[in-house]
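Chemist: This one is input_22.txt, compact mmCIF, C-alpha atoms and all ligand atoms.
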# COMPACT_ATOMS: atom_id res chain seq x y z
CA MET C 34 -3.88 -65.63 -25.51
CA GLU C 35 -0.37 -64.17 -25.35
CA GLU C 36 1.96 -65.52 -28.04
CA LYS C 37 4.91 -67.45 -26.63
CA CYS C 38 8.37 -66.92 -28.07
CA PRO C 39 8.93 -69.86 -30.47
CA VAL C 40 12.65 -70.02 -29.66
CA CYS C 41 12.52 -70.34 -25.85
CA ARG C 42 8.80 -71.27 -25.66
CA GLY C 43 8.30 -68.47 -23.16
CA THR C 44 10.94 -69.62 -20.65
CA GLY C 45 13.32 -66.75 -21.45
CA TRP C 46 16.25 -69.18 -21.60
CA ASN C 47 17.87 -71.20 -24.36
CA VAL C 48 20.26 -74.07 -23.79
CA THR C 49 23.27 -74.24 -26.06
CA VAL C 50 25.96 -76.89 -26.08
CA ARG C 51 29.58 -75.88 -26.56
CA ASN C 52 32.39 -78.44 -26.37
CA GLY C 53 29.95 -80.90 -24.92
CA ILE C 54 28.96 -78.55 -22.06
CA GLU C 55 25.46 -77.14 -21.71
CA PHE C 56 25.03 -73.39 -21.23
CA ALA C 57 21.81 -71.56 -20.41
CA GLU C 58 21.62 -68.22 -22.22
CA ARG C 59 19.09 -65.41 -22.05
CA CYS C 60 16.81 -65.54 -25.10
CA GLN C 61 16.77 -62.65 -27.59
CA CYS C 62 13.09 -62.03 -26.78
CA VAL C 63 13.96 -61.16 -23.15
CA GLN C 64 16.78 -58.87 -24.28
CA THR C 65 14.48 -57.05 -26.70
CA GLN C 66 11.80 -56.63 -24.04
CA ARG C 67 14.39 -55.35 -21.55
CA LYS C 68 15.65 -52.75 -24.05
CA CYS C 69 12.09 -51.55 -24.67
CA ASP C 70 11.51 -51.25 -20.91
CA LEU C 71 14.79 -49.38 -20.39
CA MET C 72 14.00 -47.00 -23.27
CA GLN C 73 10.60 -46.23 -21.75
CA GLN C 74 12.06 -45.66 -18.30
CA ALA C 75 14.73 -43.31 -19.68
CA ARG C 76 12.28 -40.34 -19.90
CA ILE C 77 13.81 -39.05 -23.14
CA PRO C 78 11.80 -36.00 -24.27
CA LYS C 79 9.92 -36.43 -27.58
CA ARG C 80 11.93 -33.64 -29.23
CA TYR C 81 15.10 -35.68 -28.76
CA ALA C 82 13.63 -39.15 -29.31
CA GLU C 83 15.22 -39.53 -32.77
CA CYS C 84 18.66 -38.18 -31.82
CA SER C 85 21.54 -40.51 -32.58
CA PHE C 86 25.23 -40.37 -33.43
CA ASP C 87 24.30 -41.26 -37.01
CA ASN C 88 22.10 -38.21 -37.56
CA PHE C 89 24.52 -35.84 -35.82
CA LYS C 90 25.92 -33.94 -38.81
CA LEU C 91 29.39 -32.49 -38.88
CA GLU C 92 29.56 -30.67 -42.20
CA HIS C 93 28.30 -27.29 -40.91
CA TRP C 94 30.86 -26.83 -38.21
CA PRO C 95 33.80 -24.54 -38.85
CA ASP C 96 36.15 -25.94 -36.26
CA GLU C 97 37.21 -29.27 -34.91
CA SER C 98 35.73 -29.00 -31.44
CA ILE C 99 32.34 -30.39 -32.38
CA GLN C 100 33.95 -33.38 -34.11
CA LYS C 101 36.16 -33.93 -31.11
CA ALA C 102 33.14 -33.67 -28.79
CA LYS C 103 31.29 -36.31 -30.82
CA ARG C 104 34.33 -38.61 -30.76
CA GLN C 105 34.70 -38.21 -26.99
CA VAL C 106 31.04 -39.01 -26.31
CA GLU C 107 31.13 -41.99 -28.69
CA TYR C 108 34.25 -43.24 -26.97
CA PHE C 109 32.53 -43.05 -23.59
CA VAL C 110 29.75 -45.33 -24.87
CA HIS C 111 32.26 -47.67 -26.47
CA ALA C 112 34.36 -47.96 -23.30
CA TYR C 113 31.46 -48.16 -20.82
CA PRO C 114 31.47 -49.60 -18.11
CA ALA C 115 35.28 -49.44 -18.09
CA VAL C 116 35.23 -45.68 -17.60
CA GLU C 117 36.61 -43.66 -14.74
CA SER C 118 34.29 -40.70 -15.11
CA GLY C 119 31.17 -39.33 -16.77
CA ILE C 120 30.96 -36.41 -19.19
CA LEU C 121 30.39 -32.69 -18.77
CA LEU C 122 29.39 -31.17 -22.12
CA MET C 123 29.82 -27.41 -22.10
CA GLY C 124 29.02 -24.98 -24.86
CA PRO C 125 26.78 -22.24 -26.26
CA PRO C 126 23.08 -22.82 -27.06
CA GLY C 127 22.14 -24.97 -30.04
CA THR C 128 25.49 -26.66 -30.51
CA GLY C 129 24.12 -30.18 -30.05
CA LYS C 130 25.01 -30.90 -26.43
CA THR C 131 21.64 -32.44 -25.56
CA HIS C 132 21.56 -34.25 -28.93
CA LEU C 133 24.92 -35.91 -28.21
CA ALA C 134 24.03 -36.71 -24.59
CA VAL C 135 20.75 -38.36 -25.64
CA ALA C 136 22.56 -40.27 -28.42
CA ALA C 137 24.89 -41.59 -25.71
CA ILE C 138 22.18 -42.89 -23.39
CA LYS C 139 20.19 -44.37 -26.28
CA SER C 140 23.30 -46.24 -27.45
CA LEU C 141 24.06 -47.42 -23.90
CA ILE C 142 20.56 -48.87 -23.65
CA ASP C 143 20.64 -50.39 -27.11
CA GLN C 144 24.16 -51.79 -27.10
CA LYS C 145 24.77 -52.53 -23.44
CA GLU C 146 21.35 -52.65 -21.76
CA VAL C 147 22.40 -50.00 -19.27
CA GLY C 148 19.70 -48.28 -17.19
CA CYS C 149 19.69 -44.55 -17.99
CA VAL C 150 17.48 -41.61 -16.99
CA PHE C 151 17.18 -38.16 -18.58
CA TYR C 152 16.40 -35.26 -16.26
CA ASP C 153 16.17 -31.60 -17.13
CA PHE C 154 17.75 -29.93 -14.12
CA ARG C 155 14.99 -27.31 -13.74
CA ASP C 156 12.25 -29.95 -14.07
CA LEU C 157 13.95 -32.03 -11.44
CA LEU C 158 14.02 -29.11 -9.01
CA LYS C 159 10.36 -28.31 -9.71
CA THR C 160 9.29 -31.94 -9.24
CA LEU C 161 11.19 -32.03 -5.95
CA GLN C 162 9.59 -28.80 -4.78
CA ASN C 163 6.13 -30.10 -5.71
CA SER C 164 6.77 -33.25 -3.69
CA TYR C 165 7.04 -31.13 -0.52
CA ALA C 166 3.40 -30.02 -0.79
CA LYS C 167 1.06 -31.61 1.77
CA GLU C 168 -1.31 -32.93 -0.91
CA ALA C 169 1.52 -34.33 -3.07
CA ASP C 170 1.02 -37.97 -4.03
CA ILE C 171 4.74 -38.55 -4.51
CA SER C 172 7.45 -38.15 -1.88
CA GLU C 173 10.86 -36.50 -2.20
CA LEU C 174 12.45 -39.93 -1.91
CA ASP C 175 10.29 -41.31 -4.77
CA VAL C 176 11.61 -38.51 -6.99
CA LEU C 177 15.22 -38.72 -5.85
CA GLN C 178 15.65 -42.48 -5.77
CA PRO C 179 16.08 -43.07 -9.53
CA VAL C 180 18.18 -39.90 -9.87
CA LEU C 181 20.56 -41.14 -7.19
CA THR C 182 20.74 -44.77 -8.14
CA VAL C 183 20.29 -45.09 -11.91
CA GLU C 184 23.40 -46.47 -13.59
CA VAL C 185 23.80 -43.50 -15.92
CA LEU C 186 22.11 -40.16 -15.21
CA LEU C 187 21.77 -37.47 -17.87
CA LEU C 188 21.39 -34.12 -16.12
CA ASP C 189 20.48 -31.59 -18.81
CA GLU C 190 21.05 -27.84 -18.50
CA LEU C 191 22.97 -27.74 -15.27
CA GLY C 192 23.08 -24.28 -13.78
CA ALA C 193 20.06 -23.10 -15.80
CA SER C 194 18.11 -22.52 -12.63
CA LYS C 195 18.90 -19.79 -10.13
CA ILE C 196 21.16 -21.24 -7.53
CA SER C 197 19.80 -20.90 -4.02
CA SER C 198 21.42 -22.71 -1.11
CA TRP C 199 18.64 -25.32 -1.36
CA VAL C 200 19.50 -25.95 -5.03
CA GLN C 201 23.17 -26.16 -4.13
CA ASP C 202 22.48 -28.65 -1.31
CA THR C 203 20.23 -30.77 -3.55
CA LEU C 204 22.80 -30.86 -6.32
CA ALA C 205 25.59 -31.62 -3.86
CA HIS C 206 23.53 -34.50 -2.42
CA ILE C 207 22.92 -36.00 -5.89
CA LEU C 208 26.49 -35.58 -7.10
CA ASN C 209 28.10 -36.76 -3.86
CA TYR C 210 25.93 -39.85 -3.69
CA ARG C 211 26.65 -40.78 -7.29
CA TYR C 212 30.34 -39.99 -6.90
CA ASN C 213 30.62 -42.24 -3.84
CA GLU C 214 28.74 -45.06 -5.57
CA LYS C 215 30.91 -44.66 -8.69
CA LEU C 216 27.89 -44.11 -10.93
CA SER C 217 28.35 -42.22 -14.20
CA THR C 218 26.70 -38.88 -14.82
CA ILE C 219 26.43 -37.08 -18.15
CA ILE C 220 25.86 -33.34 -17.73
CA THR C 221 25.18 -30.57 -20.22
CA SER C 222 25.58 -26.89 -19.43
CA ASN C 223 25.69 -23.51 -21.15
CA TRP C 224 27.91 -22.22 -18.42
CA MET C 225 31.61 -22.35 -19.03
CA ASP C 226 34.83 -22.23 -17.11
CA GLU C 227 36.69 -18.96 -16.99
CA GLU C 228 39.81 -20.41 -18.57
CA MET C 229 37.94 -21.77 -21.62
CA LYS C 230 39.17 -20.60 -24.98
CA ASP C 231 36.59 -18.27 -26.44
CA THR C 232 36.67 -17.05 -30.02
CA SER C 233 33.13 -15.74 -30.37
CA GLY C 234 32.54 -13.55 -27.38
CA TRP C 235 29.97 -16.00 -25.97
CA LEU C 236 31.81 -16.10 -22.67
CA ASP C 237 31.74 -12.29 -22.51
CA LYS C 238 27.97 -12.39 -22.87
CA GLN C 239 27.68 -14.49 -19.73
CA GLU C 240 27.67 -12.67 -16.47
CA GLU C 241 28.82 -15.77 -14.64
CA THR C 242 30.92 -18.88 -15.05
CA LEU C 243 29.97 -22.42 -14.03
CA ASP C 244 31.93 -22.37 -10.79
CA LYS C 245 30.20 -19.15 -9.73
CA ARG C 246 26.86 -20.57 -10.81
CA ILE C 247 27.04 -23.89 -8.95
CA GLY C 248 29.69 -23.03 -6.38
CA TYR C 249 33.41 -23.74 -6.46
CA ARG C 250 33.20 -26.93 -4.35
CA LEU C 251 30.72 -28.58 -6.70
CA ARG C 252 32.63 -27.49 -9.79
CA SER C 253 35.72 -29.00 -8.24
CA ARG C 254 33.93 -32.31 -7.59
CA LEU C 255 32.77 -32.33 -11.20
CA TYR C 256 36.37 -32.23 -12.40
CA GLU C 257 36.82 -35.61 -10.79
CA MET C 258 33.41 -37.03 -11.72
CA CYS C 259 33.29 -35.97 -15.35
CA GLU C 260 35.59 -35.47 -18.26
CA THR C 261 34.99 -31.96 -19.59
CA VAL C 262 33.99 -31.94 -23.25
CA GLN C 263 33.93 -28.38 -24.47
CA ILE C 264 32.31 -27.18 -27.62
CA GLN C 265 34.18 -24.08 -28.70
CA PRO C 266 32.10 -20.98 -28.41
CA ALA C 267 32.92 -20.21 -32.05
CA CYS C 268 30.43 -22.88 -33.15
CA LEU C 269 27.18 -21.96 -34.87
CA ASP C 270 23.77 -22.42 -33.34
CA TYR C 271 22.30 -25.47 -35.13
CA ARG C 272 18.81 -24.15 -34.43
CA LYS C 273 19.62 -21.27 -36.83
CA ILE C 274 20.54 -23.81 -39.52
CA LEU C 275 17.26 -25.69 -38.95
CA HIS C 276 15.37 -22.39 -39.01
CA ALA C 277 17.01 -21.34 -42.30
CA LYS C 278 16.22 -24.75 -43.85
CA ASN C 279 12.58 -24.39 -42.81
CA LYS C 280 12.35 -20.87 -44.19
CA ASN C 281 13.75 -22.11 -47.51
CA ARG C 282 11.16 -24.86 -47.59
CA VAL C 283 8.37 -22.37 -46.96
CA ALA C 284 9.80 -19.98 -49.60
CA HIS C 285 9.61 -22.80 -52.18
CA LEU C 286 5.94 -23.31 -51.38
CA LEU C 287 5.03 -19.63 -51.83
N1 LIG C 301 25.38 -31.57 -35.49
C1 LIG C 301 24.06 -31.71 -35.51
N2 LIG C 301 23.47 -32.49 -36.43
C2 LIG C 301 22.13 -32.62 -36.49
N3 LIG C 301 21.27 -31.99 -35.66
C3 LIG C 301 21.80 -31.19 -34.72
C4 LIG C 301 23.21 -31.01 -34.59
N4 LIG C 301 23.44 -30.16 -33.56
C5 LIG C 301 22.23 -29.84 -33.09
N5 LIG C 301 21.26 -30.45 -33.76
C6 LIG C 301 19.81 -30.30 -33.57
O1 LIG C 301 19.59 -28.93 -33.26
C7 LIG C 301 18.67 -28.78 -32.18
C8 LIG C 301 19.39 -28.11 -31.02
O2 LIG C 301 20.40 -28.96 -30.49
P1 LIG C 301 20.55 -29.25 -28.94
O3 LIG C 301 19.24 -29.09 -28.27
O4 LIG C 301 21.23 -30.56 -28.77
O5 LIG C 301 21.51 -28.05 -28.54
P2 LIG C 301 22.12 -27.70 -27.10
O6 LIG C 301 23.57 -27.49 -27.30
O7 LIG C 301 21.69 -28.72 -26.12
O8 LIG C 301 21.41 -26.29 -26.81
P3 LIG C 301 21.03 -25.62 -25.38
O9 LIG C 301 22.31 -25.16 -24.77
O10 LIG C 301 20.14 -24.48 -25.75
O11 LIG C 301 20.34 -26.67 -24.56
C9 LIG C 301 18.18 -30.18 -31.85
O12 LIG C 301 17.01 -30.42 -32.59
C10 LIG C 301 19.31 -31.09 -32.35
O13 LIG C 301 18.84 -32.37 -32.71
MG MG C 302 20.46 -28.63 -24.42
ZN ZN C 303 12.47 -66.27 -26.28
What is this structure when it is put down as structure tokens?
Modeler:
Amino acid sequence: MEEKCPVCRGTGWNVTVRNGIEFAERCQCVQTQRKCDLMQQARIPKRYAECSFDNFKLEHWPDESIQKAKRQVEYFVHAYPAVESGILLMGPPGTGKTHLAVAAIKSLIDQKEVGCVFYDFRDLLKTLQNSYAKEADISELDVLQPVLTVEVLLLDELGASKISSWVQDTLAHILNYRYNEKLSTIITSNWMDEEMKDTSGWLDKQEETLDKRIGYRLRSRLYEMCETVQIQPACLDYRKILHAKNKNRVAHLL
């Protein structure tokens, strides 16, 4: 037999009396269950499951941009839902963009019980394409519905896929819908804006900029939908730090 919560005896509600007036409040057991459900629905990849603001280290970074980026993302979580826009995290590979974005949605679920969904942009496009097949057991609408309507969408690696007019239309549909419904979107991208300050030559290595990659009209819409949080291209690749740490560990064993 399923154990009933001893506090609410399985009703999900507790009655409290304040100043002689009775109030019905949601029991902690319902809140905990809801957080577990939201966390499961968020589709956070295993690799990022442990990411949080607490384990985002700052000591390796030579400049302030990474600290500022962390502060901006933390502020978004703190202020939510009183926010005017989402976040567009731009920067070179391995600088912690996905880590910070995942930390944000995990905190939103944990602290504010906000529905969030993680989607890798390329995976989303592939899943949509697969849904067009005759034998597909899921429709385009089934795939798009949560992406369009979830309270906070994390769209990882925007612009990673080659941009055909179909990709552009799909992205425009998602962004326009969410923009009109005033839903927040957190986006990460390796692609930068032309005017970004670049001290490492990362921008030179890129043949294109974000507006060329996703089209000027969409980039323009993003300015209104998201606050741009840029990680200076001078930052190190954290994957190199992790790699060096691992190598050291192995060297000790030999
Ligand atoms: N400041 C940090 N503190 C702790 N771990 C970090 C930090 N920055 C990055 N990492 C870790 O390094 C790895 C790479 O980070 P992440 O995937 O977030 O980079 P990214 O900027 O999204 O890269 P890409 O552009 O290639 O997607 C992850 O395992 C992440 O948890
Ligand atoms: Mg990433
Ligand atoms: Zn209860």
Chemist: Which polymer residues have any atom within 10 Å of an atom of segment 205-219 of chain C, counting only C-alpha atoms, with same-chain residues fewer than 5 positions away left out, as a count of residues only?
Modeler: 42
Chemist: Could you check which of C:Cys38, C:Leu275, C:Ile220, C:Ala112 is closest to Leu133 of chain C, using all atoms listed in the file?
Modeler: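 Counting all atoms listed in the file, the residue closest to Leu133 of chain C is C:Ile220.
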Chemist: All residues within 10 Å of ligand LIG 301 (chain C) are required, counting only C-alpha atoms and all ligand atoms; please report them as a count of residues only.
Modeler: 51
Chemist: Rounded to one decimal in Å, what is the spacing between atom CA of Arg42 of chain C and atom CA of Lys68 of chain C?
Modeler: 19.8 Å
Chemist: Using only C-alpha atoms, find the one residue out of C:Asp70, C:Asp202, C:Glu97, C:Asp170 that sits nearest to Gly148 of chain C.
Modeler: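 Among the listed residues, C:Asp70 lies closest to Gly148 of chain C.
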Chemist: Quick one: distance from atom CA of Lys195 of chain C to atom CA of Tyr256 of chain C in Å, one decimal?
Modeler: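 Atom CA of Lys195 of chain C sits 21.6 Å away from atom CA of Tyr256 of chain C.
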Chemist: Counting only C-alpha atoms and all ligand atoms, which residues in chain C sit no more than 7 Å from ligand ZN 303 (chain C)? For each one, give the nearest pair of atoms and the distance in Å, sorted by chain then residue number, as a tab-separated table.
Modeler:
residue	atom	partner	partner_atom	distance
C:Cys38	CA	C:ZN303	ZN	4.5
C:Pro39	CA	C:ZN303	ZN	6.6
C:Val40	CA	C:ZN303	ZN	5.1
C:Cys41	CA	C:ZN303	ZN	4.1
C:Arg42	CA	C:ZN303	ZN	6.2
C:Gly43	CA	C:ZN303	ZN	5.7
C:Thr44	CA	C:ZN303	ZN	6.7
C:Gly45	CA	C:ZN303	ZN	4.9
C:Trp46	CA	C:ZN303	ZN	6.7
C:Cys60	CA	C:ZN303	ZN	4.6
C:Gln61	CA	C:ZN303	ZN	5.8
C:Cys62	CA	C:ZN303	ZN	4.3
C:Val63	CA	C:ZN303	ZN	6.2
Chemist: Counting all atoms listed in the file, what is within 9 Å of Glu227 of chain C, bar same-chain residues fewer than 5 positions away, as a PyMOL selection string?
Modeler: chain C and resi 236+241-244
Chemist: Between atom CA of Gly192 of chain C and atom CA of Arg246 of chain C, what is the distance, to one decimal in Å?
Modeler: 6.1 Å
Chemist: Which is closer to Lys145 of chain C than all the others in C:Gln105, C:Gln74, C:Ser164, C:Gln64, using all atoms listed in the file?
Modeler: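 Among the listed residues, the smallest separation from Lys145 of chain C belongs to C:Gln64.
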